[in-house]
Structures are given as structure tokens and as C-alpha cells.
$ cat coords-v6.cif   # mmCIF, C-alpha atoms
data_run
loop_
_atom_site.label_atom_id
_atom_site.label_comp_id
_atom_site.auth_asym_id
_atom_site.auth_seq_id
_atom_site.Cartn_x
_atom_site.Cartn_y
_atom_site.Cartn_z
CA MET A 5 6.15 -24.85 17.95
CA ASN A 6 9.53 -25.29 16.29
CA MET A 7 9.75 -25.62 12.54
CA ARG A 8 11.61 -28.84 11.75
CA VAL A 9 14.14 -28.06 9.04
CA MET A 10 16.38 -30.29 6.95
CA ILE A 11 19.35 -28.91 4.99
CA VAL A 12 20.78 -30.50 1.85
CA ASP A 13 24.02 -29.52 0.10
CA ASP A 14 27.08 -31.37 -1.14
CA GLU A 15 29.41 -28.50 -0.16
CA PRO A 16 30.52 -28.55 3.51
CA LEU A 17 31.00 -24.76 3.57
CA ALA A 18 27.50 -24.21 2.22
CA LEU A 19 26.07 -26.51 4.90
CA GLU A 20 27.97 -24.63 7.58
CA ARG A 21 26.67 -21.29 6.32
CA LEU A 22 23.10 -22.58 6.50
CA ARG A 23 23.72 -23.92 10.03
CA LEU A 24 24.95 -20.49 11.12
CA CYS A 25 21.94 -18.73 9.59
CA LEU A 26 19.47 -21.17 11.13
CA GLY A 27 21.29 -21.09 14.45
CA GLN A 28 20.41 -17.39 14.71
CA THR A 29 16.75 -18.05 13.91
CA THR A 30 14.26 -18.61 16.70
CA GLY A 31 11.64 -21.33 16.36
CA VAL A 32 13.78 -23.48 14.06
CA GLU A 33 15.19 -26.96 14.70
CA ILE A 34 17.61 -28.68 12.29
CA VAL A 35 16.48 -32.31 12.25
CA GLY A 36 18.74 -33.67 9.53
CA GLU A 37 21.38 -33.04 6.88
CA ALA A 38 22.16 -34.69 3.58
CA SER A 39 24.94 -34.27 1.04
CA ASP A 40 23.36 -35.83 -2.05
CA GLY A 41 19.95 -36.15 -3.64
CA ASP A 42 19.36 -39.85 -2.97
CA GLN A 43 20.19 -39.50 0.72
CA ALA A 44 17.99 -36.41 0.91
CA LEU A 45 14.96 -38.25 -0.46
CA GLU A 46 15.41 -41.09 2.06
CA LEU A 47 15.76 -38.71 5.01
CA ILE A 48 12.75 -36.63 3.97
CA ALA A 49 10.62 -39.79 4.11
CA LEU A 50 12.16 -40.84 7.45
CA LEU A 51 12.35 -37.51 9.30
CA GLU A 52 9.25 -35.79 7.87
CA PRO A 53 10.64 -32.23 8.08
CA ASP A 54 8.40 -29.18 7.72
CA LEU A 55 10.92 -27.41 5.49
CA VAL A 56 13.82 -28.51 3.30
CA LEU A 57 16.59 -26.10 2.28
CA LEU A 58 17.68 -27.85 -0.88
CA ASP A 59 20.70 -27.39 -3.16
CA ILE A 60 20.06 -28.08 -6.84
CA GLN A 61 23.28 -29.39 -8.37
CA MET A 62 24.39 -32.40 -6.33
CA PRO A 63 25.66 -35.96 -6.83
CA GLY A 64 22.90 -38.42 -7.65
CA ARG A 65 19.50 -36.79 -7.96
CA SER A 66 19.38 -33.05 -8.47
CA GLY A 67 17.49 -30.93 -5.98
CA VAL A 68 14.73 -30.39 -8.53
CA ALA A 69 14.45 -34.17 -9.01
CA VAL A 70 14.27 -34.65 -5.22
CA ALA A 71 11.47 -32.10 -4.87
CA ARG A 72 9.56 -33.72 -7.72
CA ALA A 73 9.97 -37.23 -6.23
CA VAL A 74 8.77 -36.44 -2.69
CA SER A 75 5.61 -38.48 -2.18
CA ARG A 76 4.94 -37.79 1.51
CA ARG A 77 1.70 -35.96 2.28
CA PRO A 78 1.58 -33.30 3.41
CA ARG A 79 4.66 -32.35 1.41
CA PRO A 80 7.37 -30.31 3.17
CA GLU A 81 7.91 -26.75 2.06
CA VAL A 82 10.99 -26.42 -0.15
CA VAL A 83 13.42 -23.52 -0.44
CA PHE A 84 16.02 -24.01 -3.15
CA VAL A 85 19.54 -22.75 -2.40
CA THR A 86 21.82 -22.60 -5.42
CA ALA A 87 24.52 -20.63 -7.18
CA PHE A 88 22.62 -20.72 -10.48
CA ALA A 89 19.69 -18.45 -11.36
CA GLU A 90 18.72 -20.39 -14.48
CA PHE A 91 16.96 -23.14 -12.50
CA ALA A 92 14.46 -20.67 -11.01
CA PRO A 93 11.64 -21.25 -13.55
CA GLU A 94 11.65 -25.00 -12.93
CA ALA A 95 11.96 -24.50 -9.16
CA PHE A 96 8.95 -22.21 -8.92
CA ASP A 97 7.02 -24.48 -11.25
CA LEU A 98 7.31 -26.97 -8.37
CA GLU A 99 5.75 -24.35 -6.05
CA ALA A 100 8.92 -23.75 -4.05
CA ALA A 101 8.48 -21.34 -1.15
CA ASP A 102 11.58 -19.40 -2.16
CA TYR A 103 14.76 -19.47 -4.25
CA LEU A 104 17.99 -18.28 -2.61
CA LEU A 105 21.17 -17.54 -4.55
CA LYS A 106 24.53 -18.37 -3.00
CA PRO A 107 26.21 -17.00 -1.03
CA VAL A 108 23.02 -16.83 1.00
CA ARG A 109 22.29 -13.71 3.02
CA PHE A 110 20.97 -13.96 6.57
CA ASP A 111 17.99 -11.67 5.88
CA ARG A 112 16.96 -13.73 2.83
CA VAL A 113 17.11 -16.96 4.86
CA GLN A 114 14.97 -15.31 7.52
CA GLU A 115 12.47 -14.16 4.92
CA ALA A 116 12.31 -17.64 3.39
CA ILE A 117 11.71 -19.20 6.83
CA ARG A 118 8.89 -16.77 7.59
CA ARG A 119 7.28 -17.39 4.22
CA ALA A 120 7.48 -21.17 4.65
CA ALA A 121 5.97 -20.85 8.14
CA ARG A 122 3.04 -18.84 6.82
CA ARG A 123 2.45 -21.36 4.04
CA LEU A 124 2.56 -24.27 6.49
CA GLU A 125 0.13 -22.58 8.86
CA LEU A 126 -2.35 -21.79 6.14
CA SER A 127 -1.92 -25.17 4.51
CA ALA A 128 -2.74 -26.93 7.78
CA THR A 129 -5.87 -24.83 8.21
CA PHE A 130 -7.27 -24.69 4.73
CA GLY A 131 -5.63 -27.57 2.89
CA ARG A 132 -3.92 -25.55 0.18
CA VAL A 133 -2.94 -21.91 -0.04
CA SER A 134 -4.35 -21.69 -3.55
CA GLU A 135 -7.80 -22.73 -2.28
CA LEU A 136 -7.63 -20.10 0.45
CA GLU A 137 -6.71 -17.40 -2.06
CA ALA A 138 -9.67 -18.42 -4.22
CA VAL A 139 -11.99 -18.18 -1.21
CA LEU A 140 -10.63 -14.75 -0.29
CA ARG A 141 -10.99 -13.47 -3.84
CA ALA A 142 -14.60 -14.69 -3.97
CA ALA A 143 -15.34 -13.06 -0.60
CA ARG A 144 -14.03 -9.63 -1.55
CA PRO A 145 -16.71 -7.01 -2.20
CA PRO A 146 -16.90 -5.64 -5.75
CA GLN A 147 -14.33 -2.94 -6.35
CA ALA A 148 -14.22 -0.10 -8.78
CA GLU A 149 -12.39 -0.79 -12.01
CA PRO A 150 -8.73 0.25 -11.74
CA SER A 151 -7.26 2.85 -13.99
CA PRO A 152 -6.73 1.33 -17.45
CA ALA A 153 -3.23 2.82 -17.45
CA TYR A 154 -1.94 0.20 -15.02
CA GLU A 155 -2.14 -3.58 -14.72
CA SER A 156 -4.42 -5.12 -12.10
CA GLU A 157 -3.23 -8.68 -12.76
CA ILE A 158 -0.23 -10.49 -14.20
CA TRP A 159 -0.40 -13.89 -15.88
CA ILE A 160 2.46 -16.31 -15.18
CA LYS A 161 3.25 -19.07 -17.67
CA GLN A 162 3.42 -22.56 -16.14
CA ARG A 163 3.95 -26.06 -17.50
CA ASP A 164 0.23 -26.79 -17.70
CA GLY A 165 -1.05 -23.31 -18.58
CA PHE A 166 -1.10 -19.93 -16.87
CA ALA A 167 -1.59 -18.67 -13.31
CA ARG A 168 -3.14 -15.32 -12.45
CA VAL A 169 -1.41 -13.10 -9.89
CA ASP A 170 -3.36 -10.16 -8.50
CA VAL A 171 -1.07 -7.10 -8.50
CA GLU A 172 -2.50 -6.14 -5.10
CA GLN A 173 -0.95 -9.32 -3.66
CA ILE A 174 2.58 -8.45 -4.80
CA ARG A 175 4.69 -7.14 -1.91
CA ARG A 176 7.93 -6.52 -3.80
CA ILE A 177 9.73 -7.42 -7.02
CA GLU A 178 13.39 -8.18 -7.61
CA ALA A 179 15.36 -8.74 -10.79
CA ALA A 180 17.03 -12.12 -11.37
CA ARG A 181 19.04 -11.81 -14.59
CA ASP A 182 16.60 -12.38 -17.46
CA TYR A 183 13.66 -12.85 -15.07
CA VAL A 184 11.91 -11.03 -12.24
CA LEU A 185 10.68 -12.53 -8.97
CA LEU A 186 7.22 -11.42 -7.88
CA HIS A 187 7.06 -11.88 -4.10
CA THR A 188 3.65 -12.24 -2.46
CA SER A 189 3.17 -13.02 1.22
CA MET A 190 2.66 -16.71 0.43
CA LYS A 191 4.61 -17.46 -2.72
CA THR A 192 7.19 -16.22 -5.19
CA HIS A 193 6.36 -16.24 -8.88
CA ILE A 194 8.91 -15.97 -11.69
CA LEU A 195 8.28 -14.04 -14.88
CA ARG A 196 10.40 -13.32 -17.94
CA VAL A 197 10.03 -9.57 -18.39
CA THR A 198 12.22 -6.47 -18.09
CA MET A 199 12.06 -4.13 -15.11
CA GLY A 200 11.50 -1.24 -17.52
CA ASP A 201 8.41 -2.90 -18.94
CA LEU A 202 7.05 -3.51 -15.44
CA GLU A 203 7.67 0.12 -14.51
CA ARG A 204 5.38 1.17 -17.37
CA ARG A 205 2.70 -1.35 -16.40
CA LEU A 206 2.56 -0.92 -12.60
CA ASN A 207 1.07 1.91 -10.58
CA PRO A 208 3.98 3.69 -8.82
CA ALA A 209 1.64 4.82 -6.05
CA LYS A 210 1.41 1.15 -5.08
CA LEU A 211 4.54 -0.59 -6.37
CA LEU A 212 7.36 1.92 -6.62
CA ARG A 213 10.63 1.24 -8.36
CA VAL A 214 13.34 1.95 -5.79
CA HIS A 215 16.35 0.48 -7.57
CA ARG A 216 17.18 -0.67 -11.07
CA SER A 217 16.57 -4.20 -9.77
CA ALA A 218 13.74 -3.70 -7.23
CA PHE A 219 10.15 -2.54 -6.72
CA VAL A 220 8.52 -2.25 -3.28
CA ARG A 221 4.92 -1.91 -2.16
CA LEU A 222 5.08 1.28 -0.12
CA GLU A 223 2.64 0.16 2.57
CA THR A 224 4.95 -2.75 3.51
CA VAL A 225 7.86 -0.46 4.45
CA ARG A 226 8.29 -0.41 8.23
CA ARG A 227 11.66 1.33 8.63
CA VAL A 228 13.96 3.46 6.51
CA GLU A 229 17.69 3.42 7.13
CA ARG A 230 19.64 6.41 5.83
CA ASN A 231 23.38 6.17 5.33
CA GLY A 232 24.64 9.35 3.78
CA ARG A 233 22.76 11.93 1.78
CA ASN A 234 21.53 9.76 -1.08
CA LEU A 235 21.85 6.23 0.36
CA MET A 236 18.79 4.50 1.81
CA ARG A 237 17.72 0.99 2.77
CA LEU A 238 14.10 -0.05 3.22
CA HIS A 239 13.12 -2.60 5.86
CA ALA A 240 9.90 -4.37 4.86
CA GLU A 241 7.35 -5.93 7.21
CA ASP A 242 8.49 -9.44 6.25
CA GLY A 243 12.12 -8.71 7.22
CA ALA A 244 13.42 -8.11 3.71
CA VAL A 245 15.99 -5.34 3.33
CA ILE A 246 15.95 -3.47 0.01
CA ASP A 247 18.66 -1.07 -1.13
CA VAL A 248 17.46 2.16 -2.72
CA GLY A 249 19.46 3.29 -5.74
CA ALA A 250 21.04 6.72 -5.45
CA SER A 251 19.10 8.00 -8.47
CA TYR A 252 15.82 6.79 -6.91
CA SER A 253 16.30 8.16 -3.39
CA LYS A 254 14.50 11.48 -3.90
CA ARG A 255 11.39 9.90 -5.38
CA VAL A 256 11.33 7.23 -2.64
CA ALA A 257 11.66 9.87 0.09
CA ALA A 258 8.87 11.90 -1.47
CA ALA A 259 6.60 8.87 -1.93
CA LEU A 260 7.05 7.87 1.72
CA GLY A 261 6.61 11.45 2.93
CA LEU A 262 10.09 11.51 4.45
CA ASP A 263 10.97 14.97 3.17
CA THR A 264 7.83 16.43 4.75
CA THR A 265 8.42 14.57 8.01
CA ILE A 266 12.04 15.69 8.25
CA GLU A 267 11.07 19.29 7.56
CA ARG A 268 8.30 19.19 10.19
CA LEU A 269 10.61 17.72 12.83
CA ALA A 270 13.30 20.29 12.03
CA ASN A 271 10.86 23.15 12.40
CA GLY A 272 9.35 21.66 15.53
#
$ encode --input "coords-v6.cif" --output "C-alpha cells"
Amino acid sequence: MNMRVMIVDDEPLALERLRLCLGQTTGVEIVGEASDGDQALELIALLEPDLVLLDIQMPGRSGVAVARAVSRRPRPEVVFVTAFAEFAPEAFDLEAADYLLKPVRFDRVQEAIRRAARRLELSATFGRVSELEAVLRAARPPQAEPSPAYESEIWIKQRDGFARVDVEQIRRIEAARDYVLLHTSMKTHILRVTMGDLERRLNPAKLLRVHRSAFVRLETVRRVERNGRNLMRLHAEDGAVIDVGASYSKRVAAALGLDTTIERLANG
């Protein structure tokens, strides 16, 4: 089944870039386009898309105002696409599926599409992803207490309180200026904290810092691309591509067992 996608941006070049990205994506159908917030809200009600790629700063209503005003149920998934990182807290407070910074990269659009698809599938089956996560947490067998040296949960401040994020659900982390984005398989959370503070709080055997602006859960790495002696790129199971900093390459290779594998193949 195709995912019905609507794209919204007041910049023609930005719309064209999104068309090109979506044109290379299987299982996606562009059902409508809008160039301002008021038109976008009307077309969302008329076309009932599954996903809206939504600019934030536009004539008329802003993208955030559009997302807040959508009354259709079930609501479409929303991925914000903007040149400004400072709107991220408000965007994720609206439970956006993702937040892409311009100029958008093809792999990030692909990742956002996959995440929205997973959320739609689960939402259709269980009503709300949050309810499913609660059921799964309740169904888990009791586990041994984690080492007190590392965090097992992170609390995210929201408008109406706080949300708990299990560290085991975090697939990767990326820096976004004064914030970090905690990516789970279903949702991205935003937190105001430094990467250095997170490095002290998180177990490197699970979430390893691979760049000054990125952590990765090692078990999600499906392919390692090496370009030169100290340059590496990690390809995650969800399609994300993460650069490894030169100063982190040795520890990443060791953590993934690459040095041992290379030595064994050379001797074999």
C-alpha cells in the first residue's frame, strides 16, 4: 500500500527538492502540494494524507500552527522541514514523527518516511503508539537492576509535564545546536543537554559516542563503510548514515570487533 504524502513549502526550490527525494522512494505517492499554511490546512482536510512534510515559516499560518489546528482523526503523521533548529522543541511537543533541517538529505527523508510508516502501522493496530509502548513495558519480564553508573531512563520535559524514555529504546542520538535528538524506532525526543553530559551518563557498551555530535546503539549497525585509514561511516538498520569522527574511529572499530575481524581475515 502506498503512503499518501502531502508536501508544504512556500519555496519552489524546496518543494522541488522534496519531490526529487520522494520520487526516489518506493511506496510513496504525492497526493498534494501547498505553498502556505492556510492552503495546507484546507488540503489536509480534503485529501486526508497519511503524512505531511511541513515547512514551518510560511505565509499565513506557520507549520506549527497548521499541525496544531488539524482536527481530522486519525491525524496524519507530520515531519517538519525547516532551516531553523530553534523550532524543534515545539515541533516535537506536537509529537512530530521527525524534524529535518534544510537542505534536506535523501537518507534523512528516507528515514523519516520509514519512521512515519511504522508509526502509522502501529497506530492503526493499537490506536496509539504510546499505549502500545505501555503494554510492551508491562509485558516485559522483570530484569536485573542496571549498573548505577549509567542511566536506564531519561525524562523529557513537555508542556504538560514530563515523559519517560527508556534508554534501551534509543537507537541513536544526534546533536542539534543547544539540544540533542533522541531517536527511537517510533519517535524522536528533544532534550536540552550537552553531548559530554550524555557520554558520562550512558553505557558505551550500548550507546557509543562515535562523533562529537552523534551516539549510536551498536546493535543497530548493519554496515560499516571505510574511506581511508581513519574515516568511517556507519549504516544503521533504519537507513540512517552516521559519520564517525577521526578521533573516535579506533574505539568504534574495537567496539564493533572490526580490528579482530580484519586481522582474522588477513591471517586466513
$ resolve_selection --input "coords-v6.cif" --expression "the PyMOL selection byres ((chain A and resi 215) around 10)" --output "list in words"
Glu178, Ala179, Met199, Leu212, Arg213, Val214, Arg216, Ser217, Ala218, Phe219, Val220, Ile246, Asp247, Val248, Gly249, Ala250, Ser251, Tyr252, Ser253 and Val256 of chain A
$ axis_aligned_box --input "coords-v6.cif" --around "stretch 237-241 of chain A" --padding-each-side "3 Å" --output "AutoDock Vina command-line options"
--center_x 12.5 --center_y -2.5 --center_z 5.0 --size_x 16.4 --size_y 12.9 --size_z 10.4
$ closest_residue --input "coords-v6.cif" --among "A:Glu223, A:Asp59, A:Asp40, A:Glu125" --to "A:Phe91" --atoms "only C-alpha atoms"
A:Asp59
$ resolve_selection --input "coords-v6.cif" --expression "the PyMOL selection byres ((chain A and resi 198) around 8)" --output "JSON, numbers by chain"
{"A": [182, 183, 184, 196, 197, 199, 200, 201, 202]}
$ closest_residue --input "coords-v6.cif" --among "A:Val70, A:Ile117, A:Val108, A:Met62" --to "A:Glu33" --atoms "all atoms listed in the file"
A:Ile117
$ atom_distance --input "coords-v6.cif" --atom1 "atom CA of A:Glu52" --atom2 "atom CA of A:Thr188"
26.3 Å
$ resolve_selection --input "coords-v6.cif" --expression "the PyMOL selection byres ((chain A and resi 175) around 8)" --output "PyMOL selection string"
chain A and resi 172-174+176-177+186-189+211+220-221+224
$ decode --input "coords-v6.cif" --residues "stretch 45-62 of chain A" --atoms "N, CA, C and O atoms" --output "tab-separated table (two decimals), in the first residue's frame"
chain	number	residue	atom	x	y	z
A	45	LEU	N	-3.85	23.57	5.42
A	45	LEU	CA	-4.88	23.07	6.33
A	45	LEU	C	-6.13	22.63	5.56
A	45	LEU	O	-6.73	21.59	5.87
A	46	GLU	N	-6.50	23.38	4.53
A	46	GLU	CA	-7.66	23.01	3.71
A	46	GLU	C	-7.41	21.70	2.97
A	46	GLU	O	-8.29	20.83	2.92
A	47	LEU	N	-6.21	21.56	2.39
A	47	LEU	CA	-5.92	20.35	1.61
A	47	LEU	C	-5.77	19.12	2.50
A	47	LEU	O	-6.11	18.01	2.09
A	48	ILE	N	-5.27	19.29	3.71
A	48	ILE	CA	-5.17	18.15	4.63
A	48	ILE	C	-6.57	17.60	4.91
A	48	ILE	O	-6.79	16.39	4.91
A	49	ALA	N	-7.52	18.50	5.14
A	49	ALA	CA	-8.90	18.07	5.39
A	49	ALA	C	-9.52	17.42	4.16
A	49	ALA	O	-10.28	16.45	4.26
A	50	LEU	N	-9.18	17.92	2.97
A	50	LEU	CA	-9.77	17.42	1.72
A	50	LEU	C	-9.13	16.12	1.26
A	50	LEU	O	-9.82	15.17	0.87
A	51	LEU	N	-7.79	16.06	1.30
A	51	LEU	CA	-7.07	14.93	0.70
A	51	LEU	C	-6.80	13.79	1.68
A	51	LEU	O	-6.52	12.67	1.26
A	52	GLU	N	-6.84	14.08	2.98
A	52	GLU	CA	-6.60	13.08	4.02
A	52	GLU	C	-5.30	12.31	3.78
A	52	GLU	O	-5.31	11.07	3.66
A	53	PRO	N	-4.16	13.00	3.72
A	53	PRO	CA	-2.89	12.31	3.52
A	53	PRO	C	-2.49	11.51	4.76
A	53	PRO	O	-2.95	11.78	5.88
A	54	ASP	N	-1.62	10.51	4.54
A	54	ASP	CA	-1.07	9.76	5.67
A	54	ASP	C	0.06	10.53	6.34
A	54	ASP	O	0.28	10.40	7.54
A	55	LEU	N	0.79	11.31	5.54
A	55	LEU	CA	1.97	12.01	6.03
A	55	LEU	C	2.03	13.39	5.39
A	55	LEU	O	1.76	13.54	4.20
A	56	VAL	N	2.42	14.39	6.19
A	56	VAL	CA	2.61	15.75	5.69
A	56	VAL	C	4.05	16.17	5.98
A	56	VAL	O	4.48	16.14	7.14
A	57	LEU	N	4.79	16.52	4.92
A	57	LEU	CA	6.12	17.12	5.07
A	57	LEU	C	5.89	18.63	5.10
A	57	LEU	O	5.51	19.22	4.09
A	58	LEU	N	6.14	19.24	6.23
A	58	LEU	CA	5.59	20.57	6.51
A	58	LEU	C	6.68	21.57	6.87
A	58	LEU	O	7.40	21.40	7.86
A	59	ASP	N	6.79	22.62	6.06
A	59	ASP	CA	7.67	23.74	6.39
A	59	ASP	C	7.10	24.47	7.60
A	59	ASP	O	5.91	24.37	7.90
A	60	ILE	N	7.92	25.24	8.30
A	60	ILE	CA	7.44	25.95	9.49
A	60	ILE	C	7.16	27.41	9.21
A	60	ILE	O	6.07	27.91	9.47
A	61	GLN	N	8.12	28.13	8.65
A	61	GLN	CA	7.92	29.56	8.40
A	61	GLN	C	7.35	29.76	7.00
A	61	GLN	O	8.05	29.57	6.00
A	62	MET	N	6.07	30.13	6.96
A	62	MET	CA	5.36	30.30	5.69
A	62	MET	C	4.39	31.47	5.81
A	62	MET	O	4.05	31.90	6.92
